[in-house]
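Novice: To start, I am sharing the structure in question, which I have written as structure tokens.
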Amino acid sequence: MTALSAFGLFAVTAMLVCYALEARSRWFVLGFAASCALGSLYGFLQGAWPFGAVEAVWSAVALRRWMQRRTREA
């Protein structure tokens with residue numbers, strides 16, 4: 001396994017874990033946004049720019065959800 005493949009596996013695993021735990025805390029929503037950003041970086045580094053672009057959008061959507069949830073809970 002190359003370092004790039006290991007990085008991609010980490011990013012996708014983090015996305016899955018954070019998504020599964022989002023209902024527990026808003027911090028998992030932020031973790032999901034960060035892991036989507038890592039997945040986006042992986043996609044661009046791998047040369048799969050459509051995957052990288054879609055993951056970047058998912059990261060922005062999750063970040064917006066985190067901000068909305070933060071203001072709702074404050």
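Following the order of the structure tokens, chains are lettered A, B, ..., residues in each are numbered from 1, and ligands are numbered from 1.
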Excluding stretch 17-29 of chain A and any residue of its chain fewer than 5 positions from it, enumerate the residues within 9 Å of it, using only C-alpha atoms, and give them as a list of chain:residue names.

Specialist: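 Near stretch 17-29 of chain A, the qualifying residues are A:Val12, A:Ala34, A:Ser35, A:Ala62, A:Leu63, A:Arg65, A:Trp66, A:Met67, A:Arg69, A:Arg70.
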
Novice: Keeping only N, CA and C atoms, write the selected residues as a PDB file, in the first residue's frame.

Specialist:
ATOM      1  N   VAL A  12     -11.269   8.411   4.190  1.00  0.00           N
ATOM      2  CA  VAL A  12     -12.594   7.807   3.987  1.00  0.00           C
ATOM      3  C   VAL A  12     -13.091   7.140   5.269  1.00  0.00           C
ATOM      4  N   ALA A  34     -13.968  18.155   8.073  1.00  0.00           N
ATOM      5  CA  ALA A  34     -12.507  18.072   7.929  1.00  0.00           C
ATOM      6  C   ALA A  34     -12.094  16.820   7.162  1.00  0.00           C
ATOM      7  N   SER A  35     -12.746  15.702   7.451  1.00  0.00           N
ATOM      8  CA  SER A  35     -12.386  14.468   6.749  1.00  0.00           C
ATOM      9  C   SER A  35     -12.805  14.522   5.285  1.00  0.00           C
ATOM     10  N   ALA A  62     -21.014  20.326   4.965  1.00  0.00           N
ATOM     11  CA  ALA A  62     -20.891  19.885   6.355  1.00  0.00           C
ATOM     12  C   ALA A  62     -20.447  21.038   7.255  1.00  0.00           C
ATOM     13  N   LEU A  63     -19.568  21.884   6.769  1.00  0.00           N
ATOM     14  CA  LEU A  63     -19.135  23.038   7.557  1.00  0.00           C
ATOM     15  C   LEU A  63     -20.306  23.980   7.807  1.00  0.00           C
ATOM     16  N   ARG A  65     -23.454  23.058   7.951  1.00  0.00           N
ATOM     17  CA  ARG A  65     -24.318  22.388   8.931  1.00  0.00           C
ATOM     18  C   ARG A  65     -23.755  22.533  10.337  1.00  0.00           C
ATOM     19  N   TRP A  66     -22.431  22.475  10.479  1.00  0.00           N
ATOM     20  CA  TRP A  66     -21.808  22.638  11.785  1.00  0.00           C
ATOM     21  C   TRP A  66     -22.063  24.049  12.328  1.00  0.00           C
ATOM     22  N   MET A  67     -21.929  25.056  11.466  1.00  0.00           N
ATOM     23  CA  MET A  67     -22.166  26.441  11.909  1.00  0.00           C
ATOM     24  C   MET A  67     -23.628  26.640  12.312  1.00  0.00           C
ATOM     25  N   ARG A  69     -25.703  24.339  13.425  1.00  0.00           N
ATOM     26  CA  ARG A  69     -25.927  23.597  14.662  1.00  0.00           C
ATOM     27  C   ARG A  69     -25.296  24.311  15.847  1.00  0.00           C
ATOM     28  N   ARG A  70     -24.142  24.931  15.622  1.00  0.00           N
ATOM     29  CA  ARG A  70     -23.465  25.666  16.703  1.00  0.00           C
ATOM     30  C   ARG A  70     -24.311  26.844  17.166  1.00  0.00           C
TER      31      ARG A  70
END

Novice: List the spatial neighbours of A:Leu38 as number ranges by chain - criterion: any atom at most 9 Å away, only C-alpha atoms, same-chain residues fewer than 6 positions off excluded.

Specialist: A: 7-8, 10-12, 55-56

Novice: Can I get the selection written as a tab-separated table (two decimals), in the first residue's frame, with N, CA and C atoms?

Specialist:
chain	number	residue	atom	x	y	z
A	7	PHE	N	-3.31	7.33	3.04
A	7	PHE	CA	-3.93	8.61	3.34
A	7	PHE	C	-5.40	8.61	2.92
A	8	GLY	N	-5.68	8.09	1.74
A	8	GLY	CA	-7.06	8.00	1.26
A	8	GLY	C	-7.91	7.10	2.14
A	10	PHE	N	-7.42	6.48	5.31
A	10	PHE	CA	-7.65	7.22	6.55
A	10	PHE	C	-8.77	8.25	6.38
A	11	ALA	N	-8.72	9.01	5.29
A	11	ALA	CA	-9.71	10.06	5.06
A	11	ALA	C	-11.12	9.47	4.95
A	12	VAL	N	-11.27	8.41	4.19
A	12	VAL	CA	-12.59	7.81	3.99
A	12	VAL	C	-13.09	7.14	5.27
A	55	GLU	N	-15.98	16.05	-3.12
A	55	GLU	CA	-15.65	16.02	-1.69
A	55	GLU	C	-15.47	17.44	-1.14
A	56	ALA	N	-14.95	18.35	-1.94
A	56	ALA	CA	-14.82	19.74	-1.50
A	56	ALA	C	-16.20	20.35	-1.25

Novice: Interatomic distance between atom CA of A:Ser59 and atom CA of A:Cys36?

Specialist: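 Here the two named atoms are 5.0 Å from each other.
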
Novice: Name the residues in contact with A:Leu4 at a cut-off of 9 Å, using only C-alpha atoms, excluding same-chain residues fewer than 3 positions from it; report them as a list in words.

Specialist: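 Near A:Leu4, the qualifying residues are Met1, Phe7, Gly8, Leu9, Tyr42, Leu45 and Gln46 of chain A.
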
Novice: Could you please determine the separation between atom CA of A:Val54 and atom CA of A:Ser5 in Å, to one decimal place?

Specialist: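 Those two atoms sit 18.6 Å apart.
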
Novice: Give me, as a list in words, all polymer residues having an atom no more than 10 Å from A:Ala53, counting only C-alpha atoms and skipping those fewer than 2 positions away in the same chain.

Specialist: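 Returned residues: Ala37, Gly39, Ser40, Leu41, Gly43, Phe44, Ala48, Trp49, Pro50, Phe51, Glu55, Ala56, Val57, Trp58 and Ser59 of chain A.
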